[in-house]
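K.L.:
Input file: data.cif. Contents: mmCIF, C-alpha atoms.
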data_run
#
loop_
_atom_site.label_atom_id
_atom_site.label_comp_id
_atom_site.auth_asym_id
_atom_site.auth_seq_id
_atom_site.Cartn_x
_atom_site.Cartn_y
_atom_site.Cartn_z
CA MET K 1 5.52 -95.67 -106.40
CA ALA K 2 5.23 -97.88 -109.46
CA GLU K 3 3.76 -96.45 -112.61
CA ALA K 4 1.86 -98.15 -115.38
CA GLN K 5 3.81 -99.25 -118.41
CA PRO K 6 2.43 -98.98 -121.95
CA GLN K 7 0.76 -102.09 -123.26
CA GLY K 8 2.36 -104.04 -126.06
CA THR K 9 1.24 -103.60 -129.66
CA GLY K 10 2.60 -106.83 -131.04
CA LYS K 11 5.39 -104.95 -132.87
CA PRO K 12 9.00 -104.65 -131.74
CA ALA K 13 9.21 -101.74 -129.33
CA GLY K 14 11.52 -98.89 -130.23
CA GLY K 15 12.69 -95.53 -129.00
CA ARG K 16 13.47 -94.20 -125.55
CA SER K 17 10.84 -96.17 -123.62
CA ALA K 18 11.98 -99.47 -125.15
CA GLN K 19 15.59 -98.70 -124.25
CA LEU K 20 14.59 -97.96 -120.66
CA ALA K 21 12.71 -101.24 -120.41
CA HIS K 22 15.55 -103.18 -121.97
CA THR K 23 18.12 -102.09 -119.39
CA GLY K 24 16.23 -103.99 -116.68
CA LEU K 25 17.16 -101.20 -114.25
CA ARG K 26 14.71 -99.48 -111.93
CA HIS K 27 14.25 -95.77 -112.57
CA GLY K 28 13.95 -93.22 -109.80
CA TRP K 29 12.71 -89.69 -109.14
CA THR K 30 14.50 -86.38 -109.50
CA THR K 31 14.95 -83.85 -106.71
CA GLY K 32 12.49 -81.69 -108.67
CA ALA K 33 9.80 -84.38 -108.49
CA CYS K 34 10.46 -84.84 -104.77
CA ALA K 35 10.22 -81.09 -104.14
CA THR K 36 6.97 -80.97 -106.10
CA ALA K 37 5.47 -83.77 -104.02
CA ALA K 38 6.64 -82.19 -100.77
CA SER K 39 5.33 -78.72 -101.64
CA THR K 40 2.00 -80.14 -102.81
CA ALA K 41 1.54 -81.98 -99.53
CA ALA K 42 2.62 -78.96 -97.48
CA TYR K 43 0.26 -76.53 -99.23
CA THR K 44 -2.62 -78.97 -98.91
CA ALA K 45 -1.99 -79.13 -95.17
CA LEU K 46 -1.70 -75.34 -94.96
CA LEU K 47 -5.19 -75.01 -96.44
CA THR K 48 -6.92 -78.05 -94.90
CA GLY K 49 -4.96 -78.97 -91.79
CA GLU K 50 -4.30 -82.47 -93.16
CA PHE K 51 -1.32 -83.86 -95.04
CA PRO K 52 -2.09 -86.20 -97.95
CA ASP K 53 0.01 -89.32 -97.50
CA PRO K 54 0.96 -90.63 -99.96
CA VAL K 55 0.86 -87.57 -102.18
CA THR K 56 0.41 -88.06 -105.93
CA ILE K 57 1.81 -85.71 -108.57
CA THR K 58 1.71 -85.56 -112.36
CA LEU K 59 5.04 -85.48 -114.19
CA PRO K 60 5.63 -83.57 -117.46
CA LYS K 61 5.04 -86.70 -119.56
CA GLY K 62 1.87 -87.69 -117.70
CA GLN K 63 3.15 -90.29 -115.22
CA THR K 64 1.48 -90.09 -111.79
CA PRO K 65 3.83 -91.42 -109.10
CA SER K 66 2.92 -91.34 -105.42
CA PHE K 67 5.34 -90.39 -102.66
CA ALA K 68 5.18 -91.34 -98.99
CA LEU K 69 5.88 -88.50 -96.59
CA ALA K 70 8.93 -88.97 -94.38
CA VAL K 71 8.31 -85.88 -92.25
CA GLU K 72 5.47 -83.39 -91.79
CA GLU K 73 4.97 -80.34 -89.63
CA LEU K 74 2.07 -77.92 -89.34
CA ALA K 75 2.93 -74.70 -87.49
CA PRO K 76 0.53 -73.22 -84.90
CA ARG K 77 -2.29 -71.20 -86.48
CA ARG K 78 -1.17 -72.65 -89.83
CA GLU K 79 1.52 -70.03 -90.31
CA SER K 80 3.43 -72.54 -92.41
CA ALA K 81 3.47 -76.22 -93.28
CA MET K 82 6.42 -78.46 -94.08
CA ALA K 83 6.54 -81.88 -95.71
CA GLY K 84 9.47 -83.99 -96.81
CA VAL K 85 10.09 -87.04 -98.96
CA VAL K 86 13.15 -89.26 -99.30
CA LYS K 87 14.61 -89.28 -102.79
CA ASP K 88 14.67 -92.70 -104.43
CA ALA K 89 17.07 -92.66 -107.38
CA GLY K 90 16.23 -96.24 -108.34
CA ASP K 91 19.23 -98.16 -109.65
CA ASP K 92 21.14 -95.00 -110.53
CA PRO K 93 24.27 -94.33 -108.41
CA ASP K 94 23.06 -90.79 -107.70
CA VAL K 95 24.79 -88.95 -104.85
CA THR K 96 21.39 -87.61 -103.74
CA HIS K 97 19.82 -91.07 -103.38
CA GLY K 98 18.29 -91.30 -99.92
CA ALA K 99 18.40 -87.54 -99.33
CA LEU K 100 15.47 -85.98 -97.49
CA VAL K 101 13.95 -83.22 -99.64
CA ARG K 102 11.75 -80.82 -97.69
CA ALA K 103 9.40 -78.02 -98.75
CA ARG K 104 8.04 -75.42 -96.34
CA VAL K 105 5.11 -73.38 -97.63
CA ARG K 106 4.03 -70.01 -96.20
CA ALA K 107 1.13 -67.81 -97.30
CA LEU K 108 1.99 -64.48 -98.95
CA PRO K 109 -0.13 -61.36 -99.57
CA ALA K 110 -2.60 -61.56 -102.46
CA GLY K 111 -0.97 -60.97 -105.81
CA SER K 112 2.47 -62.17 -104.75
CA GLY K 113 2.37 -65.33 -106.83
CA VAL K 114 4.73 -68.19 -106.03
CA ARG K 115 8.16 -67.28 -104.70
CA PHE K 116 11.00 -69.72 -104.21
CA ALA K 117 13.61 -69.68 -101.46
CA ALA K 118 16.68 -71.80 -100.79
CA GLY K 119 16.54 -73.46 -97.40
CA PRO K 120 19.42 -75.35 -95.77
CA GLY K 121 21.17 -77.65 -98.22
CA VAL K 122 19.92 -75.93 -101.39
CA GLY K 123 22.44 -73.78 -103.23
CA THR K 124 22.33 -70.22 -104.50
CA VAL K 125 23.52 -69.16 -107.97
CA THR K 126 26.55 -66.86 -107.72
CA ARG K 127 27.91 -66.87 -111.28
CA PRO K 128 26.31 -66.30 -114.72
CA GLY K 129 25.95 -68.99 -117.38
CA LEU K 130 23.23 -71.06 -115.71
CA PRO K 131 19.48 -71.05 -116.51
CA LEU K 132 18.86 -68.93 -113.39
CA ASP K 133 19.85 -65.39 -112.51
CA VAL K 134 22.65 -64.70 -110.06
CA GLY K 135 21.24 -64.60 -106.53
CA GLU K 136 18.41 -67.03 -107.27
CA PRO K 137 17.95 -70.29 -105.36
CA ALA K 138 19.26 -73.21 -107.40
CA ILE K 139 15.82 -74.56 -108.23
CA ASN K 140 15.78 -75.13 -111.98
CA PRO K 141 13.03 -73.87 -114.32
CA VAL K 142 11.18 -77.16 -114.89
CA PRO K 143 10.88 -78.03 -111.16
CA ARG K 144 9.68 -74.46 -110.54
CA GLN K 145 7.01 -74.87 -113.20
CA MET K 146 5.97 -78.26 -111.82
CA MET K 147 5.57 -76.77 -108.35
CA ARG K 148 3.63 -73.75 -109.64
CA GLU K 149 1.20 -76.00 -111.51
CA HIS K 150 0.60 -78.31 -108.56
CA LEU K 151 0.21 -75.45 -106.08
CA ALA K 152 -2.34 -73.85 -108.41
CA ARG K 153 -4.35 -77.08 -108.46
CA VAL K 154 -4.27 -77.29 -104.66
CA ALA K 155 -5.39 -73.64 -104.42
CA GLU K 156 -8.26 -74.23 -106.83
CA ARG K 157 -9.41 -77.36 -105.02
CA TYR K 158 -9.30 -75.95 -101.49
CA GLY K 159 -10.02 -72.28 -102.02
CA GLY K 160 -6.52 -70.86 -101.58
CA SER K 161 -5.11 -67.80 -103.32
CA GLY K 162 -2.01 -69.57 -104.64
CA ASP K 163 0.20 -66.79 -103.27
CA VAL K 164 2.90 -68.62 -101.35
CA GLU K 165 6.59 -68.84 -100.61
CA VAL K 166 8.12 -72.28 -101.13
CA GLU K 167 11.36 -72.88 -99.27
CA VAL K 168 13.06 -76.05 -100.49
CA SER K 169 15.76 -77.66 -98.39
CA VAL K 170 17.76 -80.89 -98.46
CA ASP K 171 19.09 -82.45 -95.29
CA HIS K 172 22.92 -82.55 -95.45
CA GLY K 173 22.69 -80.98 -98.93
CA GLU K 174 25.70 -78.74 -98.48
CA GLU K 175 27.86 -81.74 -97.62
CA ILE K 176 26.46 -83.81 -100.52
CA ALA K 177 27.06 -80.92 -102.94
CA ARG K 178 30.81 -81.18 -102.39
CA SER K 179 30.62 -84.40 -104.46
CA THR K 180 29.02 -82.55 -107.39
CA TRP K 181 30.15 -79.89 -109.86
CA ASN K 182 28.05 -77.22 -108.12
CA PRO K 183 30.96 -75.42 -106.41
CA ARG K 184 32.84 -75.10 -109.73
CA LEU K 185 29.71 -73.72 -111.39
CA GLY K 186 29.26 -71.11 -108.69
CA ILE K 187 26.30 -72.78 -106.99
CA LEU K 188 27.16 -72.32 -103.34
CA GLY K 189 25.59 -73.56 -100.14
CA GLY K 190 24.11 -76.81 -101.34
CA LEU K 191 22.52 -78.84 -104.10
CA SER K 192 20.50 -77.90 -107.17
CA ILE K 193 16.88 -78.98 -107.49
CA LEU K 194 16.88 -80.57 -110.93
CA GLY K 195 14.91 -82.57 -113.45
CA THR K 196 13.18 -82.05 -116.80
CA THR K 197 11.03 -85.20 -116.79
CA GLY K 198 10.85 -85.96 -113.06
CA ILE K 199 12.42 -89.36 -113.70
CA VAL K 200 16.02 -90.42 -113.00
CA VAL K 201 17.23 -92.67 -115.80
CA PRO K 202 19.38 -95.41 -114.27
CA TYR K 203 22.98 -95.15 -115.36
CA SER K 204 24.76 -98.36 -116.30
CA CYS K 205 27.36 -98.37 -119.03
CA SER K 206 26.88 -101.95 -120.16
CA ALA K 207 23.08 -101.96 -119.89
CA TRP K 208 22.66 -98.62 -121.65
CA ILE K 209 25.08 -99.45 -124.47
CA ASP K 210 23.24 -102.71 -124.98
CA SER K 211 19.97 -100.78 -125.20
CA ILE K 212 21.48 -98.48 -127.85
CA ARG K 213 22.42 -101.51 -129.93
CA ARG K 214 18.91 -102.88 -129.55
CA GLY K 215 17.54 -99.51 -130.70
CA VAL K 216 19.67 -99.58 -133.86
CA ASP K 217 18.62 -103.16 -134.58
CA VAL K 218 14.92 -102.32 -134.19
CA ALA K 219 15.23 -99.27 -136.45
CA ARG K 220 16.99 -101.27 -139.15
CA ALA K 221 14.46 -104.11 -138.90
CA ALA K 222 11.68 -101.57 -139.39
CA GLY K 223 13.38 -100.30 -142.53
CA ARG K 224 14.37 -96.93 -141.09
CA ARG K 225 17.02 -95.26 -143.21
CA HIS K 226 17.37 -92.20 -140.97
CA VAL K 227 17.88 -92.42 -137.19
CA ALA K 228 18.64 -89.82 -134.54
CA GLY K 229 20.96 -90.21 -131.57
CA CYS K 230 19.75 -87.81 -128.86
CA THR K 231 21.25 -86.92 -125.50
CA GLY K 232 17.89 -86.59 -123.72
CA SER K 233 14.17 -85.95 -124.00
CA THR K 234 14.50 -82.29 -125.02
CA SER K 235 16.87 -83.05 -127.90
CA GLU K 236 14.61 -85.93 -128.91
CA LYS K 237 11.69 -83.51 -129.28
CA VAL K 238 13.81 -81.21 -131.43
CA ALA K 239 14.91 -84.06 -133.70
CA VAL K 240 11.30 -85.16 -134.16
CA ALA K 241 10.13 -81.61 -134.87
CA LEU K 242 12.83 -81.00 -137.48
CA HIS K 243 12.91 -84.41 -139.17
CA HIS K 244 9.48 -85.96 -138.39
CA LEU K 245 11.06 -89.23 -137.30
CA PRO K 246 8.96 -92.07 -135.88
CA GLU K 247 9.63 -93.38 -132.38
CA ASP K 248 11.52 -96.45 -133.53
CA ALA K 249 14.05 -94.23 -135.34
CA LEU K 250 15.02 -92.48 -132.09
CA LEU K 251 18.05 -93.62 -130.10
CA ASP K 252 18.41 -92.45 -126.53
CA MET K 253 22.15 -91.94 -126.82
CA GLY K 254 22.53 -90.29 -123.41
CA ASP K 255 26.26 -89.73 -122.88
CA PHE K 256 27.33 -92.65 -125.05
CA ALA K 257 28.06 -91.00 -128.39
CA GLY K 258 30.83 -93.49 -129.04
CA ALA K 259 28.51 -96.46 -128.56
CA VAL K 260 26.10 -95.12 -131.19
CA LEU K 261 28.84 -94.37 -133.71
CA LYS K 262 30.74 -97.64 -133.28
CA TYR K 263 27.61 -99.79 -133.61
CA ILE K 264 26.32 -97.87 -136.62
CA ARG K 265 29.79 -98.22 -138.15
CA ARG K 266 29.20 -101.99 -138.15
CA HIS K 267 25.45 -101.78 -138.85
CA PRO K 268 25.01 -98.75 -141.12
CA VAL K 269 21.95 -96.64 -141.84
CA ASP K 270 21.81 -94.04 -144.59
CA ARG K 271 21.67 -91.04 -142.25
CA LEU K 272 22.42 -90.32 -138.62
CA THR K 273 21.32 -87.11 -136.92
CA ILE K 274 23.09 -86.32 -133.65
CA CYS K 275 21.13 -83.89 -131.49
CA GLY K 276 22.07 -82.67 -128.05
CA GLY K 277 22.99 -79.85 -125.74
CA PHE K 278 25.69 -77.46 -126.93
CA ALA K 279 28.02 -78.24 -124.03
CA LYS K 280 27.78 -82.01 -124.47
CA LEU K 281 28.33 -81.84 -128.22
CA SER K 282 31.30 -79.53 -127.72
CA LYS K 283 32.87 -82.50 -125.93
CA LEU K 284 32.23 -84.70 -128.97
CA ALA K 285 33.75 -81.96 -131.15
CA ALA K 286 36.85 -82.09 -128.94
CA GLY K 287 37.16 -85.85 -129.47
CA HIS K 288 35.39 -87.25 -126.39
CA LEU K 289 33.11 -90.21 -127.04
CA ASP K 290 31.77 -90.45 -123.47
CA LEU K 291 29.98 -87.20 -122.70
CA HIS K 292 29.24 -87.83 -119.01
CA SER K 293 30.44 -85.05 -116.71
CA ALA K 294 32.38 -87.54 -114.57
CA ARG K 295 34.56 -88.54 -117.53
CA SER K 296 34.83 -85.48 -119.74
CA GLN K 297 34.56 -81.75 -119.22
CA VAL K 298 33.78 -78.83 -121.52
CA ASP K 299 37.13 -77.50 -122.74
CA LYS K 300 36.71 -73.71 -122.79
CA GLY K 301 40.21 -73.33 -124.28
CA PHE K 302 39.10 -75.49 -127.21
CA LEU K 303 35.96 -73.36 -127.60
CA ALA K 304 38.14 -70.24 -127.59
CA GLU K 305 40.20 -71.65 -130.46
CA LEU K 306 37.05 -72.42 -132.42
CA ALA K 307 35.76 -68.92 -131.75
CA ARG K 308 39.00 -67.45 -133.10
CA ALA K 309 38.58 -69.60 -136.21
CA VAL K 310 35.25 -67.92 -136.98
CA GLY K 311 36.36 -64.37 -136.39
CA ALA K 312 36.37 -63.75 -132.65
CA GLU K 313 38.66 -60.94 -131.49
CA GLU K 314 41.25 -61.84 -128.88
CA GLU K 315 39.28 -60.16 -126.09
CA LEU K 316 36.22 -62.29 -126.87
CA ALA K 317 38.31 -65.46 -127.18
CA ALA K 318 39.84 -64.79 -123.77
CA ALA K 319 36.35 -64.33 -122.29
CA VAL K 320 35.24 -67.63 -123.85
CA ALA K 321 38.27 -69.39 -122.37
CA THR K 322 37.33 -68.24 -118.86
CA ALA K 323 33.52 -68.52 -119.12
CA ASN K 324 31.69 -70.28 -116.31
CA THR K 325 29.98 -72.82 -118.59
CA GLY K 326 29.94 -73.87 -122.21
CA LEU K 327 26.56 -72.22 -122.64
CA ALA K 328 27.92 -68.97 -121.20
CA ALA K 329 30.73 -69.11 -123.79
CA LEU K 330 28.15 -69.62 -126.52
CA ARG K 331 26.10 -66.61 -125.36
CA LEU K 332 29.20 -64.40 -125.45
CA CYS K 333 29.78 -65.40 -129.06
CA GLU K 334 26.14 -64.98 -130.02
CA ALA K 335 26.19 -61.42 -128.68
CA ALA K 336 29.17 -60.70 -130.95
CA ASP K 337 27.63 -62.46 -134.01
CA VAL K 338 30.34 -65.12 -133.89
CA PRO K 339 28.80 -68.45 -135.05
CA LEU K 340 30.41 -70.69 -132.44
CA GLY K 341 27.34 -72.97 -132.29
CA ASP K 342 27.51 -73.81 -135.99
CA LEU K 343 31.25 -74.49 -135.82
CA VAL K 344 30.85 -76.79 -132.80
CA ALA K 345 28.14 -78.67 -134.70
CA ALA K 346 30.34 -78.97 -137.80
CA THR K 347 33.36 -80.08 -135.79
CA ALA K 348 31.27 -82.66 -133.91
CA ARG K 349 29.93 -83.94 -137.25
CA ASP K 350 33.45 -84.32 -138.62
CA GLU K 351 34.57 -86.11 -135.45
CA ALA K 352 31.61 -88.49 -135.83
CA LEU K 353 32.61 -89.20 -139.43
CA THR K 354 36.13 -89.97 -138.25
CA VAL K 355 34.77 -92.55 -135.78
CA LEU K 356 32.55 -94.04 -138.52
CA ARG K 357 35.73 -94.78 -140.54
CA GLY K 358 34.19 -94.53 -143.97
CA ALA K 359 30.96 -96.37 -143.22
CA PRO K 360 28.24 -95.37 -145.75
CA VAL K 361 26.46 -93.04 -143.32
CA SER K 362 25.65 -89.35 -143.78
CA VAL K 363 25.84 -87.35 -140.53
CA ASP K 364 24.28 -84.06 -139.48
CA VAL K 365 24.43 -82.40 -136.05
CA ILE K 366 22.03 -80.16 -134.14
CA CYS K 367 23.12 -78.27 -131.00
CA ILE K 368 20.44 -76.93 -128.67
CA ASP K 369 20.30 -74.90 -125.48
CA ARG K 370 18.50 -75.89 -122.28
CA ALA K 371 15.21 -74.51 -123.57
CA GLY K 372 15.39 -76.66 -126.69
CA MET K 373 16.27 -73.78 -129.04
CA VAL K 374 18.62 -74.66 -131.89
CA VAL K 375 21.92 -72.82 -131.40
CA GLY K 376 24.04 -74.60 -133.99
CA ARG K 377 23.58 -76.87 -137.01
CA ALA K 378 25.79 -78.74 -139.42
CA ALA K 379 24.35 -80.00 -142.70
CA PRO K 380 24.56 -83.68 -143.63
CA ARG K 381 27.93 -84.89 -144.85
CA GLY K 382 28.93 -88.35 -145.97
CA PRO K 383 32.24 -90.22 -145.79
CA ASP K 384 33.34 -88.79 -149.16
CA GLY K 385 32.61 -85.22 -148.06
CA SER K 386 29.39 -84.97 -150.06
CA GLY K 387 26.10 -83.70 -148.63
#
Using structure tokens, write down the structure from this file.
P.N.:
Amino acid sequence: MAEAQPQGTGKPAGGRSAQLAHTGLRHGWTTGACATAASTAAYTALLTGEFPDPVTITLPKGQTPSFALAVEELAPRRESAMAGVVKDAGDDPDVTHGALVRARVRALPAGSGVRFAAGPGVGTVTRPGLPLDVGEPAINPVPRQMMREHLARVAERYGGSGDVEVEVSVDHGEEIARSTWNPRLGILGGLSILGTTGIVVPYSCSAWIDSIRRGVDVARAAGRRHVAGCTGSTSEKVAVALHHLPEDALLDMGDFAGAVLKYIRRHPVDRLTICGGFAKLSKLAAGHLDLHSARSQVDKGFLAELARAVGAEEELAAAVATANTGLAALRLCEAADVPLGDLVAATARDEALTVLRGAPVSVDVICIDRAGMVVGRAAPRGPDGSG
């Protein structure tokens, strides 16, 4: 399941891909990628009677990994087909590493499109504030889109209609989910099928912090005066779109906001943009420098206080304090024209300046939602308070 790596150019590598390579850790595949491979194999068998093994898929950034099938089953008269792959999380200590992800595909009447169902071990959304409606199977939007695209290709190749139900299941998923935040978020009955890139980035504090330092060094050596610390690939795209930064000015900060700020404090650049999800950056605003969910949580009480500071009535503030997620709190404020996103961005910027301890660095902050839409911004500010 290895994928080709980009060839060298003779220049120091920079950006997200260079940081990944520098960690020396093996990446893995998301549950969304596994479900896409399993559903592709199952639909192929439903139409042809044969399971492709291994089955190759195309990820959102163009990588083409292949997955060996762990299980396969073709029902009599091809009423349905099921295939399963074992998730390989690489060197990441992911609780779903080794889990068997299955997809069962059944034909539907013409015009039905692709429908998704939660099989055993996949959760159902029971509370608002997530990117799926209440009652929907916990299969996130990007994995759904990946599966739709691959099923459409299979249908075109083998003469199918593309009208199918895809039931995704994970062996022992309900038990595994007890070790995740799903129950607190109102995802009941099992795991979520996740992933925006299809790739699991291996998590290692020391290796990743070292890669951040390397990224800063490369940017400075290239003469970059403006760098962006981003929490993931979506925020990276937003930073590039807004500031037109080259790859070697991009730092894959992940959850390590403190590592970026402390290293830039000692090795300054003129300007640092911090871009990330609203919920993660609300943690930075609250003073957390490690944004990982295992070590810091969104403080809805803190968000309620911020909302009050920008005009929220007590009823709204109370709703923010009890919201299911940080994003749900934001949506409540947006509906009431209360600029919580901008205040979180400004508070996160000021917290970053505090950590920088007067280093000659101007900081601005961009908060985004899961779709990559900007929901809060704070203009650049330097250590003396100037823009």
K.L.:
Between K:Leu242, K:Leu108, K:Ala155, K:Leu130, which residue has the minimum interatomic distance to Ala45 of chain K, considering only C-alpha atoms?
P.N.:
K:Ala155
K.L.:
Translate the PyMOL selection byres ((chain K and resi 306) around 12), as applied to the file shown, into an explicit residue set as a ChimeraX atom specification.
P.N.:
/K:282,285-286,299-305,307-314,316-318,320-321,329-330,333,338-348
K.L.:
Could the residues in this selection be written to a file with C-alpha atoms, as a JSON list (two decimals), keeping the file's coordinate frame?
P.N.:
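Below is the file that was written, selection04.json:
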[["chain", "number", "residue", "atom", "x", "y", "z"],
["K", 282, "SER", "CA", 31.30, -79.53, -127.72],
["K", 285, "ALA", "CA", 33.75, -81.96, -131.15],
["K", 286, "ALA", "CA", 36.85, -82.09, -128.94],
["K", 299, "ASP", "CA", 37.13, -77.50, -122.74],
["K", 300, "LYS", "CA", 36.71, -73.71, -122.79],
["K", 301, "GLY", "CA", 40.21, -73.33, -124.28],
["K", 302, "PHE", "CA", 39.10, -75.49, -127.21],
["K", 303, "LEU", "CA", 35.96, -73.36, -127.60],
["K", 304, "ALA", "CA", 38.14, -70.24, -127.59],
["K", 305, "GLU", "CA", 40.20, -71.65, -130.46],
["K", 307, "ALA", "CA", 35.76, -68.92, -131.75],
["K", 308, "ARG", "CA", 39.00, -67.45, -133.10],
["K", 309, "ALA", "CA", 38.58, -69.60, -136.21],
["K", 310, "VAL", "CA", 35.25, -67.92, -136.98],
["K", 311, "GLY", "CA", 36.36, -64.37, -136.39],
["K", 312, "ALA", "CA", 36.37, -63.75, -132.65],
["K", 313, "GLU", "CA", 38.66, -60.94, -131.49],
["K", 314, "GLU", "CA", 41.25, -61.84, -128.88],
["K", 316, "LEU", "CA", 36.22, -62.29, -126.87],
["K", 317, "ALA", "CA", 38.31, -65.46, -127.18],
["K", 318, "ALA", "CA", 39.84, -64.79, -123.77],
["K", 320, "VAL", "CA", 35.24, -67.63, -123.85],
["K", 321, "ALA", "CA", 38.27, -69.39, -122.37],
["K", 329, "ALA", "CA", 30.73, -69.11, -123.79],
["K", 330, "LEU", "CA", 28.15, -69.62, -126.52],
["K", 333, "CYS", "CA", 29.78, -65.40, -129.06],
["K", 338, "VAL", "CA", 30.34, -65.12, -133.89],
["K", 339, "PRO", "CA", 28.80, -68.45, -135.05],
["K", 340, "LEU", "CA", 30.41, -70.69, -132.44],
["K", 341, "GLY", "CA", 27.34, -72.97, -132.29],
["K", 342, "ASP", "CA", 27.51, -73.81, -135.99],
["K", 343, "LEU", "CA", 31.25, -74.49, -135.82],
["K", 344, "VAL", "CA", 30.85, -76.79, -132.80],
["K", 345, "ALA", "CA", 28.14, -78.67, -134.70],
["K", 346, "ALA", "CA", 30.34, -78.97, -137.80],
["K", 347, "THR", "CA", 33.36, -80.08, -135.79],
["K", 348, "ALA", "CA", 31.27, -82.66, -133.91]]
K.L.:
Can you give me, as a count of residues only, the residues this file yields under the PyMOL selection byres ((chain K and resi 81-85) around 10)?
P.N.:
54
K.L.:
Do a neighbour search on Gly372 of chain K at 10 Å with all atoms listed in the file, toss out local chain neighbours closer than 4 positions, and write the hits as a list in words.
P.N.:
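So, after excluding close chain neighbours, the residues are Ser233, Thr234, Ser235, Glu236, Lys237, Val238, Gly276, Gly277, Cys367 and Ile368 of chain K.
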K.L.:
Next, the residues of the selection above should be written as a PDB file, in the coordinates of the input with C-alpha atoms.
P.N.:
ATOM      1  CA  SER K 233      14.170 -85.950-124.000  1.00  0.00           C
ATOM      2  CA  THR K 234      14.500 -82.290-125.020  1.00  0.00           C
ATOM      3  CA  SER K 235      16.870 -83.050-127.900  1.00  0.00           C
ATOM      4  CA  GLU K 236      14.610 -85.930-128.910  1.00  0.00           C
ATOM      5  CA  LYS K 237      11.690 -83.510-129.280  1.00  0.00           C
ATOM      6  CA  VAL K 238      13.810 -81.210-131.430  1.00  0.00           C
ATOM      7  CA  GLY K 276      22.070 -82.670-128.050  1.00  0.00           C
ATOM      8  CA  GLY K 277      22.990 -79.850-125.740  1.00  0.00           C
ATOM      9  CA  CYS K 367      23.120 -78.270-131.000  1.00  0.00           C
ATOM     10  CA  ILE K 368      20.440 -76.930-128.670  1.00  0.00           C
TER      11      ILE K 368
END
K.L.:
Identify, on the basis of only C-alpha atoms, every residue whose closest approach to Leu261 of chain K does not exceed 12 Å; exclude the query and any residue fewer than 3 positions from it along the same chain; express the result as a ChimeraX atom specification.
P.N.:
/K:209,212-213,216,227-229,251,253,256-258,264-269,271-274,284,289-290,348-349,351-359,361-363
K.L.:
To one decimal place, how far is atom CA of Ala110 of chain K from atom CA of Arg77 of chain K in Å?
P.N.:
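Separating atom CA of Ala110 of chain K from atom CA of Arg77 of chain K is a distance of 18.7 Å.
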K.L.:
Check the smallest atom-to-atom distance from each of K:Pro246, K:Gly254, K:Pro383, K:Gly90 to Asp270 of chain K using only C-alpha atoms, then report the winner.
P.N.:
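Looking at the shortest contact to Asp270 of chain K, the residue is K:Pro383.
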K.L.:
Using the chain letters and residue numbers of this document, give as a tab-separated table (two decimals) with C-alpha atoms, in the coordinates of the input the residues selected by the PyMOL selection byres ((chain K and resi 185) around 10).
P.N.:
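Output contents, as saved in selection.tsv:
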chain	number	residue	atom	x	y	z
K	125	VAL	CA	23.52	-69.16	-107.97
K	126	THR	CA	26.55	-66.86	-107.72
K	127	ARG	CA	27.91	-66.87	-111.28
K	128	PRO	CA	26.31	-66.30	-114.72
K	129	GLY	CA	25.95	-68.99	-117.38
K	130	LEU	CA	23.23	-71.06	-115.71
K	180	THR	CA	29.02	-82.55	-107.39
K	181	TRP	CA	30.15	-79.89	-109.86
K	182	ASN	CA	28.05	-77.22	-108.12
K	183	PRO	CA	30.96	-75.42	-106.41
K	184	ARG	CA	32.84	-75.10	-109.73
K	186	GLY	CA	29.26	-71.11	-108.69
K	187	ILE	CA	26.30	-72.78	-106.99
K	188	LEU	CA	27.16	-72.32	-103.34
K	324	ASN	CA	31.69	-70.28	-116.31
K	325	THR	CA	29.98	-72.82	-118.59
K.L.:
If I take atom CA of Glu156 of chain K and atom CA of Ile57 of chain K, how far is one from the other in Å, to one decimal?
P.N.:
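Value for the atom CA of Glu156 of chain K-atom CA of Ile57 of chain K distance: 15.4 Å.
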K.L.:
Report, in Å with one decimal, the straight-line distance from atom CA of Glu165 of chain K to atom CA of Pro60 of chain K.
P.N.:
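Between atom CA of Glu165 of chain K and atom CA of Pro60 of chain K the gap is 22.4 Å.
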K.L.:
Can you pull out every residue within 6 Å of segment 193-199 of chain K, counting all atoms listed in the file, but drop anything in the same chain fewer than 4 positions away, and send it as JSON, numbers by chain?
P.N.:
{"K": [28, 29, 30, 31, 32, 33, 59, 60, 139, 140, 142]}
K.L.:
With all atoms listed in the file as the atoms that count, which of K:Ala117, K:Pro141, K:Leu151, K:Asp53 lies nearest to Ser66 of chain K?
P.N.:
K:Asp53
